[in-house]
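Only one structure is covered here, and it is reproduced in the block below.
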Amino acid sequence: MSGLLPDLASWALRGQQRGDNNNNNNAAENNHQRQDGDVEHEALTPEELRAQRVQRMELLRQQRLSSSQGDQQMQHQHQGEEGTAQETVNAADTAAAATSKGPEPMDVDPPSTTSTSTSITSPANPNSPSTTQASSTTLNNDTSSSSTKKKRKGDKESDASRKFQRKKELLLRKVLGIVLSSSPRTNVLDLSLVTMDIGSTDITVQAIAEVLSNRVALSPDAIPSEHSGRPKKSLLAYLSDSHRKAAEELKTLRTSSASNGGGKQSHAQQQLQQQNNELIEILQEIQKQVVSYSATVLIEPDLFELGTDSVAQLSDCLLGSLTDLSSSITFGVGGNIASSFYFCLVDELLAQDASSLERVVTEIVDAYENALLKCESVLDNSAVPILGGGAVGVSDNSPMTIVSALSSLCMHKKVAEIISERSDFLLPPAQSPRATEMVRPRANNNPLPSPPTGVGGGGGGANRLLQQFMANLAQQQQPAFKKRSGPGLEKFTFLGMCFRLGIPTKNNPTFSPTSILRQSFSALESATSQQRQQLRLYQESCNQLLHNMIKAGTKPRQAVMDWFVDGLLVNAGASATRPDITKVSSPNLLLNMSVALLKLCEPFVSDPKKHHLIDPHFCSEPSAHKGVYASTGDDAVPRLASSEDIANAMKVEYNPKNAFVTQLFFLTARAVHFGIASSLSQHESLLRHLSHLHWQITSRGSSSDLQSDPQFAVYVSRQRAAEVALFQEDMVADHLRFLQLVAKVLCEMKDEDLAIMPEDFVSDVCHVITSMAKLKPKLLRGIDVTFTFKQAVKLLSPTYASMVRNYNLRAMLGDVLYELFLPPSNDVDRRESVPTSVYIDSRTNETYLLSDPGAQECLAPSLLLLYGEVEHTGYYDRMSHRAKISSIIKYLWESSEHRPAFRRITQNKESFIKFANGIMNETNTLIATVMQKLPEIREAQVKIKSPQEWAALSEEQQKQISERLEENEREVKHALPLCNKTLQMFGYLNTDEDIRNLFLLEELCARLVSMLLHVLTKLVGSKGLELKVDNPEELDFKPKVMLRDLCYIFSLFATAPVFQEECAKSGGDPGLLRQALKTVRRLNLLQGDHLDAFAALPDLMEGAAQRVAEDEKLLADAPDEFLDEILSTYMKDPVVLPSGHYVDRSTITQHLLNDPIDPFNRNPMTIDDVKPATELKERMNAWLEEKKKAALTSPN
């Protein structure tokens, strides 16, 4: 056959010979099969080839149009003749079916007398007489003529040739959905098949281009319907499906050829091999032509009627690939991506017209971005991309499907590069005019609603309508923000639009406030699990998108890392207690960002051999961190050490072994700080509000009030919704493993490098893992926390106390030891749910606190030092920290492994005095708080229990009393646990004689005695009845236990003369001690030697009081220069201050423990600044000796 279509086929073959490897391998065979009349043309440029194709396709379209018009005219003139011709065709078909030999088994379908497929005839060539005659006849006449010719030729062919021909016909039908008009009819009802006449009975490589040209040139009405009422396939869907089917057949044929290729072959085997090779060439040609036509459709959409919306068709194919993997265009047969239809198509577009590829990618990405912006969460299913003015997509229009389609796009490196070069990939540069451009968005880009009609009349219904309208208006009108900001990152960057979606926390339909309190626990858990699964799949899609872009080459990878840098820079305020929503991104984006970075870090996090590649000097090199770890300015990141230490470390040159690993590590650490660490802080704040609201509701009524309280339901709804994302098991495990790497890096780092590390590294390790231990301890199973323990022990040690000066940070290290590593006991029952694998060292089968050599060496003195340091934290925080430290110290004291460390404490007098001062300050403060609040609590309880007295009060007075009672109970609940633990710590520490002697030092003994007598007076004195509240257990008020611990401490010091004298100087009443002794004996609180020592103390105090009185009489007329200028008491160890004033050493020591300044001029000073007043001391000693001699010679 000659003419337009053969020319087009020949041209298509030549235009494809620069394609893939398979195309090149078949070039020689194609030349061999070319007919004698074919002429080899010179190579043309892609532009010339495309111009030829456009010209010839236009000619084809005009010929079809002329043929259609001619048929319509003949239809009016020959209606009767047409009917007769149809009968003739049917009779001919029946005769042909009866006389032709049936098909061979397993090769073709059995014969049939009917066919429901669409019949298409090739356009005629005007220069060919035969084709001119064919074009003047009807379609059925063409079919009948072709069948007759094939029958005549079949009579001459051998059975083997006829069988092979039918194989090719079956292959054409299976791959392209095309039945040749010369093929035998089948009884299979397949509406998706198209019948064609190519004017030849032989199917060759050259005929493929003609077949496809006829198929793609069909009008939409000529396309047959699919099975089961499914919509017709688009042109690109058909072509991609043909490409995949050809690949499947190729795989089968190659496997068959390989299995039959070994050894000597018979003639039949050789013939079969030749046939397989020819079939392989046909299939390869189908793939080439399919890809070529697909590229042409995208480059010139108007060339074919079926391809006017070609970009939308490609988008639909991408989306459909995700829901139906059997029709995927991004994965080839056997999972080979490079051989997929999509990869071949992109390569072809690059070869024909690279600018068209960029246009196609841009249109698809724009549509997907707009669809994502319409979504509020990953739960939405309304993200319908709009391309060419119409909606495209599949039944699943979820955000996950769209992000997965974007990920599929980026599988090809060139496409990923095109996307990374988009103007919306990164935020505007910081100093550009667009960066400060203000944006005032509206929800989902919808126009503002109009006020409801009839509003403004003043009726109740109208007011409600107006309120509803204003609420909707406020919801849609969001605050303005800058283009370069956290919200701008979400709205105007490619990755931001993907990462912004998560689980809704405020309007989650599954956890609606109207039903949350009525749902069963199992229903809530099931709903939570389902949403976590959706979120996990969406995050995996985002992770795959990043993975594909980073693999695409240097440019896309750098663009991705620059986007992360932008994201961290604009969200510098995300860790604030109340972040500014006009400056920072949503928690969903920040959490998704950290999740994505964690996945990128997995290769080196899980490989200890790569940990050494992390270079700590990234933090000190601005050109590396690009401002993420700024050391100056408003967004400066606090470091562990002082500015002087940091300045020295900053001088080290940054020369990483692996820049990408180092960059990923530090960017991920910062993202974790803004992501899960900040989200956990906000969630804990929500839980505190929820707990307080629960107490308020239950205190004023029954528990049924909880079910009807709308505010409580709102808080529970937000809690449930937030926990979907926060406690996703795999995500938490990834965070914890990364934070363990952070702890390991800090533990193994040189001291000079440790100085420049951000404080957030330590605080995030502590915060995240302790939060999980308190809220979801089961998530800690399987996590190795060895380096978290080692980090806490190292940074708390006296060696690093001078480096890490942030007292809140040091307190967090103590909290980690308590929440994770202290084994459960009676006073920490709530921690029994922490897995034993957390605090038990698997190597020794002992707790980390007892088995770790570093802990045995220095943890005990470190905790005593920390107990005093937390004085500088907040009031309530201080009490909480010290209660935890007390529990750890008690556990260590009871173990023989730590006893040597406790003994070494006595060797550092200065450090011990700080600890002792802290413990006594705390006890005095706690006792004062408790003893003040308990009488107030009792008074309020008495009023509330008296109906008449309570009813006599006004509503405002009742409210004030209730609020005051709540506040007092809260303070007592904070104070009493620590008060009890502190008294116990006094007891067991002072069983050691060396430690007891330190408490008897002049700087400490007076304060110790004053504290003990103050508590005893409150418990046993005349006002003891005021402490009897109604709910002592709820407040943790245990007066008997407190009295026992107090008297036990008295018994330990009772035999020390210094203690006895200080009791006398403090004005201690022996009668008070005797009254306490009666209670102790009655309740059997003390036994044995301790009871005897406490019983002897009142008499010993009376003897000491006499000695004190004599001494005071002796010193009564001491010169003023011998008196302490602060306390006006006789100085035993006079020192001179930098200001020139004289005080006793014990006085200034005690003062500096609480306020490190000179009390006379307020200048900073330390104990090292004081000087002994040697000359004054000599004069004082001489004066005192004279007074004693005079007293001895005096008759009185």
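Note on naming: chains are A, B, ... as they come in the structure tokens, residues start from 1 per chain, ligands start from 1 in the order shown.
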
DSSP helix (DSSP H, G or I) residues within segment 595-698 of chain A, listed as a PyMOL selection string: chain A and resi 595-605+608-613+616-620+622-625+643-649+659-698

Residues near Lys1188 of chain A, cut-off 12 Å, only C-alpha atoms, skip fewer than 5 positions along chain, as a PyMOL selection string: chain A and resi 1110-1111+1113-1115+1181-1183+1193-1194

Could you take the residues named above and write them with N, CA and C atoms, as a PDB file, in the first residue's frame?
ATOM      1  N   GLU A1110      25.189  32.260 130.478  1.00  0.00           N
ATOM      2  CA  GLU A1110      26.447  32.706 131.061  1.00  0.00           C
ATOM      3  C   GLU A1110      27.311  33.388 129.986  1.00  0.00           C
ATOM      4  N   ASP A1111      27.355  32.796 128.807  1.00  0.00           N
ATOM      5  CA  ASP A1111      28.150  33.390 127.734  1.00  0.00           C
ATOM      6  C   ASP A1111      27.598  34.757 127.339  1.00  0.00           C
ATOM      7  N   LYS A1113      26.007  36.807 129.190  1.00  0.00           N
ATOM      8  CA  LYS A1113      26.323  37.752 130.253  1.00  0.00           C
ATOM      9  C   LYS A1113      27.768  38.216 130.158  1.00  0.00           C
ATOM     10  N   LEU A1114      28.650  37.280 129.782  1.00  0.00           N
ATOM     11  CA  LEU A1114      30.062  37.605 129.646  1.00  0.00           C
ATOM     12  C   LEU A1114      30.300  38.598 128.521  1.00  0.00           C
ATOM     13  N   LEU A1115      29.527  38.466 127.417  1.00  0.00           N
ATOM     14  CA  LEU A1115      29.733  39.300 126.237  1.00  0.00           C
ATOM     15  C   LEU A1115      28.795  40.489 126.176  1.00  0.00           C
ATOM     16  N   ASN A1181      40.264  38.297 120.958  1.00  0.00           N
ATOM     17  CA  ASN A1181      40.701  37.199 121.827  1.00  0.00           C
ATOM     18  C   ASN A1181      41.293  37.739 123.131  1.00  0.00           C
ATOM     19  N   ALA A1182      42.089  38.803 123.005  1.00  0.00           N
ATOM     20  CA  ALA A1182      42.695  39.376 124.228  1.00  0.00           C
ATOM     21  C   ALA A1182      41.619  39.918 125.167  1.00  0.00           C
ATOM     22  N   TRP A1183      40.642  40.595 124.605  1.00  0.00           N
ATOM     23  CA  TRP A1183      39.554  41.148 125.430  1.00  0.00           C
ATOM     24  C   TRP A1183      38.754  40.038 126.109  1.00  0.00           C
ATOM     25  N   THR A1193      37.645  35.544 139.046  1.00  0.00           N
ATOM     26  CA  THR A1193      38.033  36.167 140.321  1.00  0.00           C
ATOM     27  C   THR A1193      36.871  36.898 140.976  1.00  0.00           C
ATOM     28  N   SER A1194      35.770  37.028 140.232  1.00  0.00           N
ATOM     29  CA  SER A1194      34.622  37.741 140.800  1.00  0.00           C
ATOM     30  C   SER A1194      33.936  36.879 141.848  1.00  0.00           C
TER      31      SER A1194
END

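Candidate residues A:Leu180, A:Ala523, A:Cys498, A:Met400 were compared for distance to Leu537 of chain A, and the nearest is A:Met400, using only C-alpha atoms.
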
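With only C-alpha atoms taken into account, the protein and nucleic acid residues at most 7 Å from segment 854-871 of chain A (excluding it and anything under 6 positions from it in its own chain) are Val793, Leu796, Ser797, Pro798, Tyr807, Ala811, Arg878, Arg882, Ile885, Ile889, Glu897, His898, Ala901, Phe902, Ile905, Ser911, Lys914, Phe915, Gly918 and Ile919 of chain A.
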
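One finds atom CA of Leu1091 of chain A at 13.8 Å from atom CA of Gln1075 of chain A.
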
Contacts of Val1009 of chain A at 10 Å (only C-alpha atoms; same-chain gap of 6+ positions) as a compact mmCIF listing (two decimals) with all heavy atoms, in the first residue's frame:
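Saved the output as result_18.txt:
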# COMPACT_ATOMS: atom_id res chain seq x y z
N LEU A 1000 26.49 20.46 111.38
CA LEU A 1000 26.77 21.11 112.66
C LEU A 1000 27.74 22.28 112.53
O LEU A 1000 28.09 22.90 113.54
CB LEU A 1000 27.34 20.09 113.66
CG LEU A 1000 26.35 18.99 114.08
CD1 LEU A 1000 27.04 17.95 114.96
CD2 LEU A 1000 25.16 19.60 114.84
N PHE A 1050 15.77 15.03 115.18
CA PHE A 1050 16.18 15.53 116.50
C PHE A 1050 17.03 14.50 117.22
O PHE A 1050 18.05 14.83 117.86
CB PHE A 1050 14.94 15.87 117.35
CG PHE A 1050 14.44 17.27 117.18
CD1 PHE A 1050 13.25 17.52 116.55
CD2 PHE A 1050 15.17 18.34 117.68
CE1 PHE A 1050 12.78 18.81 116.39
CE2 PHE A 1050 14.71 19.64 117.54
CZ PHE A 1050 13.52 19.88 116.89
N PHE A 1053 20.80 14.36 116.21
CA PHE A 1053 21.67 15.47 116.65
C PHE A 1053 21.62 15.71 118.16
O PHE A 1053 22.29 16.61 118.66
CB PHE A 1053 21.24 16.76 115.94
CG PHE A 1053 21.55 16.78 114.47
CD1 PHE A 1053 20.58 16.44 113.54
CD2 PHE A 1053 22.82 17.13 114.02
CE1 PHE A 1053 20.86 16.46 112.18
CE2 PHE A 1053 23.10 17.16 112.67
CZ PHE A 1053 22.12 16.81 111.75
N PHE A 1059 24.56 21.42 118.84
CA PHE A 1059 23.13 21.39 118.52
C PHE A 1059 22.30 21.79 119.73
O PHE A 1059 21.32 22.55 119.61
CB PHE A 1059 22.75 19.97 118.05
CG PHE A 1059 21.31 19.83 117.61
CD1 PHE A 1059 20.89 20.23 116.35
CD2 PHE A 1059 20.38 19.28 118.49
CE1 PHE A 1059 19.58 20.09 115.96
CE2 PHE A 1059 19.06 19.15 118.10
CZ PHE A 1059 18.66 19.55 116.83
N GLN A 1060 22.70 21.31 120.89
CA GLN A 1060 21.97 21.64 122.11
C GLN A 1060 22.02 23.15 122.37
O GLN A 1060 21.01 23.78 122.72
CB GLN A 1060 22.56 20.87 123.29
CG GLN A 1060 22.48 19.36 123.16
CD GLN A 1060 23.37 18.63 124.14
OE1 GLN A 1060 23.93 19.24 125.08
NE2 GLN A 1060 23.52 17.31 123.95
N GLU A 1061 23.19 23.73 122.21
CA GLU A 1061 23.33 25.17 122.44
C GLU A 1061 22.54 25.98 121.43
O GLU A 1061 21.92 26.99 121.78
CB GLU A 1061 24.81 25.54 122.38
CG GLU A 1061 25.64 24.98 123.53
CD GLU A 1061 27.10 25.38 123.45
OE1 GLU A 1061 27.43 26.16 122.51
OE2 GLU A 1061 27.90 24.92 124.27
N GLU A 1062 22.53 25.54 120.15
CA GLU A 1062 21.75 26.28 119.16
C GLU A 1062 20.26 26.19 119.45
O GLU A 1062 19.51 27.13 119.19
CB GLU A 1062 22.06 25.75 117.75
CG GLU A 1062 23.42 26.12 117.23
CD GLU A 1062 23.59 27.63 117.05
OE1 GLU A 1062 22.58 28.35 116.94
OE2 GLU A 1062 24.75 28.10 117.03
N CYS A 1063 19.82 25.04 119.99
CA CYS A 1063 18.41 24.92 120.39
C CYS A 1063 18.09 25.93 121.48
O CYS A 1063 17.02 26.56 121.48
CB CYS A 1063 18.12 23.51 120.89
SG CYS A 1063 18.04 22.26 119.59
N ALA A 1064 19.04 26.09 122.41
CA ALA A 1064 18.83 27.05 123.50
C ALA A 1064 18.86 28.47 122.97
O ALA A 1064 18.04 29.31 123.35
CB ALA A 1064 19.90 26.84 124.57
N LYS A 1065 19.81 28.79 122.08
CA LYS A 1065 19.90 30.13 121.53
C LYS A 1065 18.66 30.49 120.70
O LYS A 1065 18.26 31.65 120.65
CB LYS A 1065 21.14 30.25 120.63
CG LYS A 1065 22.46 30.22 121.38
CD LYS A 1065 23.62 30.33 120.40
CE LYS A 1065 24.96 30.28 121.13
NZ LYS A 1065 26.09 30.37 120.18
N SER A 1066 18.07 29.51 120.07
CA SER A 1066 16.89 29.75 119.24
C SER A 1066 15.62 29.90 120.05
O SER A 1066 14.55 30.11 119.47
CB SER A 1066 16.72 28.61 118.23
OG SER A 1066 17.84 28.52 117.39
N GLY A 1068 14.28 27.53 121.98
CA GLY A 1068 13.52 26.30 121.99
C GLY A 1068 12.94 26.01 123.36
O GLY A 1068 13.60 26.19 124.39

Contacts of segment 715-731 of chain A at 7 Å (only C-alpha atoms; same-chain gap of 4+ positions) as a PyMOL selection string: chain A and resi 503-506+508+511-513+516+528+531-532+595+690+711+735+779

What does the file look like for those residues with all heavy atoms, as a tab-separated table (two decimals), in the first residue's frame?
chain	number	residue	atom	x	y	z
A	503	ILE	N	-3.73	16.11	60.41
A	503	ILE	CA	-4.99	15.79	61.08
A	503	ILE	C	-5.55	17.05	61.71
A	503	ILE	O	-4.85	17.72	62.47
A	503	ILE	CB	-4.77	14.71	62.15
A	503	ILE	CG1	-4.26	13.42	61.50
A	503	ILE	CG2	-6.06	14.44	62.91
A	503	ILE	CD1	-5.21	12.79	60.52
A	504	PRO	N	-6.80	17.42	61.41
A	504	PRO	CA	-7.37	18.63	62.02
A	504	PRO	C	-7.56	18.44	63.52
A	504	PRO	O	-8.03	17.40	63.97
A	504	PRO	CB	-8.72	18.79	61.30
A	504	PRO	CG	-9.07	17.40	60.85
A	504	PRO	CD	-7.76	16.72	60.54
A	505	THR	N	-7.19	19.45	64.29
A	505	THR	CA	-7.32	19.36	65.75
A	505	THR	C	-8.52	20.10	66.30
A	505	THR	O	-9.05	19.73	67.34
A	505	THR	CB	-6.05	19.91	66.42
A	505	THR	OG1	-5.82	21.26	65.97
A	505	THR	CG2	-4.84	19.07	66.07
A	506	LYS	N	-8.98	21.13	65.60
A	506	LYS	CA	-10.08	21.93	66.12
A	506	LYS	C	-11.43	21.53	65.56
A	506	LYS	O	-12.44	21.70	66.22
A	506	LYS	CB	-9.82	23.41	65.85
A	506	LYS	CG	-8.66	23.98	66.64
A	506	LYS	CD	-8.55	25.49	66.46
A	506	LYS	CE	-7.42	26.06	67.33
A	506	LYS	NZ	-7.29	27.52	67.18
A	508	ASN	N	-12.20	18.34	63.91
A	508	ASN	CA	-12.09	16.97	63.45
A	508	ASN	C	-13.46	16.30	63.57
A	508	ASN	O	-13.98	16.13	64.68
A	508	ASN	CB	-11.07	16.21	64.29
A	508	ASN	CG	-10.68	14.89	63.67
A	508	ASN	OD1	-11.52	14.15	63.18
A	508	ASN	ND2	-9.40	14.59	63.69
A	511	PHE	N	-13.97	13.33	66.02
A	511	PHE	CA	-13.95	13.63	67.46
A	511	PHE	C	-14.76	14.90	67.73
A	511	PHE	O	-14.28	15.82	68.39
A	511	PHE	CB	-12.52	13.78	67.96
A	511	PHE	CG	-11.63	12.61	67.59
A	511	PHE	CD1	-10.60	12.75	66.68
A	511	PHE	CD2	-11.84	11.37	68.15
A	511	PHE	CE1	-9.80	11.69	66.33
A	511	PHE	CE2	-11.04	10.29	67.82
A	511	PHE	CZ	-10.01	10.44	66.91
A	512	SER	N	-15.93	14.96	67.21
A	512	SER	CA	-16.78	16.14	67.36
A	512	SER	C	-17.14	16.36	68.82
A	512	SER	O	-17.45	15.40	69.55
A	512	SER	CB	-18.05	15.98	66.53
A	512	SER	OG	-18.96	17.02	66.81
A	513	PRO	N	-17.10	17.61	69.29
A	513	PRO	CA	-17.47	17.88	70.69
A	513	PRO	C	-18.89	17.43	71.03
A	513	PRO	O	-19.19	17.15	72.19
A	513	PRO	CB	-17.33	19.40	70.80
A	513	PRO	CG	-16.36	19.78	69.72
A	513	PRO	CD	-16.61	18.82	68.60
A	516	ILE	N	-18.16	13.35	71.38
A	516	ILE	CA	-16.92	12.78	71.89
A	516	ILE	C	-17.10	12.12	73.25
A	516	ILE	O	-16.52	11.07	73.54
A	516	ILE	CB	-15.81	13.87	71.96
A	516	ILE	CG1	-14.47	13.25	72.36
A	516	ILE	CG2	-16.19	14.98	72.91
A	516	ILE	CD1	-13.88	12.37	71.32
A	528	THR	N	-9.10	6.57	65.99
A	528	THR	CA	-7.73	7.08	66.08
A	528	THR	C	-6.79	6.27	65.20
A	528	THR	O	-5.94	6.83	64.48
A	528	THR	CB	-7.24	7.04	67.54
A	528	THR	OG1	-8.09	7.85	68.35
A	528	THR	CG2	-5.81	7.54	67.65
A	531	GLN	N	-7.33	7.15	61.46
A	531	GLN	CA	-6.77	8.45	61.06
A	531	GLN	C	-5.25	8.41	61.07
A	531	GLN	O	-4.60	9.06	60.25
A	531	GLN	CB	-7.30	9.54	61.98
A	531	GLN	CG	-8.77	9.84	61.78
A	531	GLN	CD	-9.18	11.18	62.35
A	531	GLN	OE1	-8.38	11.93	62.88
A	531	GLN	NE2	-10.46	11.49	62.23
A	532	ARG	N	-4.67	7.68	62.00
A	532	ARG	CA	-3.21	7.55	62.01
A	532	ARG	C	-2.73	6.84	60.75
A	532	ARG	O	-1.67	7.19	60.19
A	532	ARG	CB	-2.76	6.78	63.25
A	532	ARG	CG	-2.72	7.62	64.50
A	532	ARG	CD	-2.29	6.82	65.71
A	532	ARG	NE	-2.30	7.66	66.91
A	532	ARG	CZ	-2.34	7.20	68.14
A	532	ARG	NH1	-2.37	5.89	68.35
A	532	ARG	NH2	-2.36	8.03	69.17
A	595	VAL	N	9.30	14.92	60.18
A	595	VAL	CA	9.13	13.52	59.78
A	595	VAL	C	9.87	13.25	58.47
A	595	VAL	O	10.55	12.23	58.32
A	595	VAL	CB	7.63	13.20	59.62
A	595	VAL	CG1	7.43	11.85	58.95
A	595	VAL	CG2	6.95	13.18	60.98
A	690	LEU	N	-7.27	21.01	80.68
A	690	LEU	CA	-8.33	20.00	80.77
A	690	LEU	C	-8.45	19.46	82.19
A	690	LEU	O	-9.56	19.28	82.71
A	690	LEU	CB	-8.03	18.87	79.79
A	690	LEU	CG	-9.07	17.77	79.65
A	690	LEU	CD1	-10.39	18.34	79.16
A	690	LEU	CD2	-8.59	16.68	78.70
A	711	GLN	N	-17.65	23.16	77.16
A	711	GLN	CA	-16.23	23.52	77.13
A	711	GLN	C	-15.35	22.31	77.40
A	711	GLN	O	-14.32	22.13	76.74
A	711	GLN	CB	-15.95	24.61	78.18
A	711	GLN	CG	-14.54	25.17	78.10
A	711	GLN	CD	-14.29	26.27	79.14
A	711	GLN	OE1	-15.13	26.49	80.01
A	711	GLN	NE2	-13.15	26.92	79.03
A	735	HIS	N	11.66	9.64	65.85
A	735	HIS	CA	12.13	10.79	66.61
A	735	HIS	C	13.04	10.35	67.76
A	735	HIS	O	14.10	10.95	68.00
A	735	HIS	CB	10.95	11.58	67.17
A	735	HIS	CG	10.36	12.56	66.20
A	735	HIS	ND1	9.38	12.20	65.30
A	735	HIS	CD2	10.61	13.87	65.97
A	735	HIS	CE1	9.05	13.26	64.57
A	735	HIS	NE2	9.78	14.28	64.96
A	779	LEU	N	5.27	3.53	74.09
A	779	LEU	CA	5.99	3.86	72.87
A	779	LEU	C	7.51	3.80	73.06
A	779	LEU	O	8.26	3.90	72.08
A	779	LEU	CB	5.58	5.25	72.37
A	779	LEU	CG	4.11	5.41	71.97
A	779	LEU	CD1	3.84	6.83	71.49
A	779	LEU	CD2	3.72	4.41	70.89

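Counting only C-alpha atoms and comparing A:Ile995, A:Ala405, A:Val1041, A:Val1080, the residue that lies closest to Gln907 of chain A is A:Ile995.
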